[in-house]
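> Please find one structure pasted underneath; my questions will follow.
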Amino acid sequence: MALKITDSCISCDVCVFECPNQAISLGEEIYVIDPERCTECVGHHETPQCVAVCPVDCIVPDPERREERELLYQKYLRLTKTRR
Ligand code: SF4
Ligand code: SF4
């Protein structure tokens, strides 16, 4: 499933550069994750890189965006294809 950033975010910027899918950007108040681009890092890394670096642990699974690993991998394939 895609991840989401809760309002505990302190807008430190660190996660933005770790995301291999350019899924994280600054929203109106805090950083936000584009669910169309978040693959939970499937295809790139074993674990979500944004979660690993967030100093306040405010990145959590979005229950409204449940996706099996296979679907996340398909998303990864779509995203990398458009980059070529
Ligand atoms: Fe980007 Fe990976 Fe975090 Fe999703 S889990 S927002 S793909 S770093
Ligand atoms: Fe917000 Fe965490 Fe990203 Fe920093 S690393 S901008 S606190 S979500």
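Chains: A, B, ... in order of the structure tokens. Residues: from 1 per chain. Ligands: from 1, in order shown.
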For ligand 1, return the neighbouring residues as number ranges by chain (distance at most 8 Å; only C-alpha atoms and all ligand atoms).

A: 2-4, 15-16, 18-24, 33-35, 37-42, 45, 47-51, 59

> Please build the interface table for chain A against ligand 2 with a cut-off of 9 Å, listing for each qualifying residue the nearest atom pair and the distance in Å to one decimal; count only C-alpha atoms and all ligand atoms, order rows by chain and increasing number, and write it as CSV.


```
residue,atom,partner,partner_atom_place_in_ligand_line,distance
A:Lys4,CA,ligand 2,8 (S),8.5
A:Ile5,CA,ligand 2,8 (S),5.5
A:Thr6,CA,ligand 2,8 (S),7.5
A:Asp7,CA,ligand 2,1 (Fe),8.4
A:Ser8,CA,ligand 2,7 (S),7.1
A:Cys9,CA,ligand 2,1 (Fe),3.8
A:Ile10,CA,ligand 2,7 (S),4.4
A:Ser11,CA,ligand 2,6 (S),3.8
A:Cys12,CA,ligand 2,4 (Fe),3.9
A:Asp13,CA,ligand 2,6 (S),4.1
A:Val14,CA,ligand 2,5 (S),4.7
A:Cys15,CA,ligand 2,5 (S),4.2
A:Val16,CA,ligand 2,3 (Fe),6.4
A:Ile24,CA,ligand 2,3 (Fe),8.0
A:Ser25,CA,ligand 2,6 (S),8.7
A:Leu26,CA,ligand 2,6 (S),8.1
A:Ile30,CA,ligand 2,1 (Fe),6.7
A:Tyr31,CA,ligand 2,6 (S),5.5
A:Val32,CA,ligand 2,8 (S),7.6
A:Ile33,CA,ligand 2,8 (S),8.8
A:Cys50,CA,ligand 2,5 (S),6.4
A:Val51,CA,ligand 2,5 (S),7.4
A:Ala52,CA,ligand 2,5 (S),8.7
A:Val53,CA,ligand 2,5 (S),6.0
A:Cys54,CA,ligand 2,5 (S),3.6
A:Pro55,CA,ligand 2,2 (Fe),5.9
A:Val56,CA,ligand 2,7 (S),5.7
A:Asp57,CA,ligand 2,2 (Fe),6.4
A:Cys58,CA,ligand 2,2 (Fe),5.7
A:Ile59,CA,ligand 2,8 (S),5.7
```

> Among the residues of chain A, find those DSSP assigns to strand (DSSP E or B) from the backbone and print them as a list in words.

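In chain A, DSSP puts these residues in strand (DSSP E or B): Leu3, Lys4, Ile5, Ile24, Ser25, Leu26, Tyr31, Val32, Ile33, Ile59, Val60 and Pro61 of chain A.
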
> Need to verify the contact set: Arg78 (chain A), 12 Å, only C-alpha atoms, exclusion of same-chain residues closer than 3 positions in sequence. Can you return it as an NGL selection string?

:A and (21 or 36-39 or 43 or 71-75 or 81-84)

> Kindly give the distance, in Å, that separates CA of Arg65 (chain A) and CA of Phe17 (chain A), rounded to a single decimal.

22.8 Å

> For CA of Tyr76 (chain A) and CA of Pro63 (chain A), determine how far apart the two atoms are, in Å to one decimal place.

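If I compute the distance from CA of Tyr76 (chain A) to CA of Pro63 (chain A), I get 19.7 Å.
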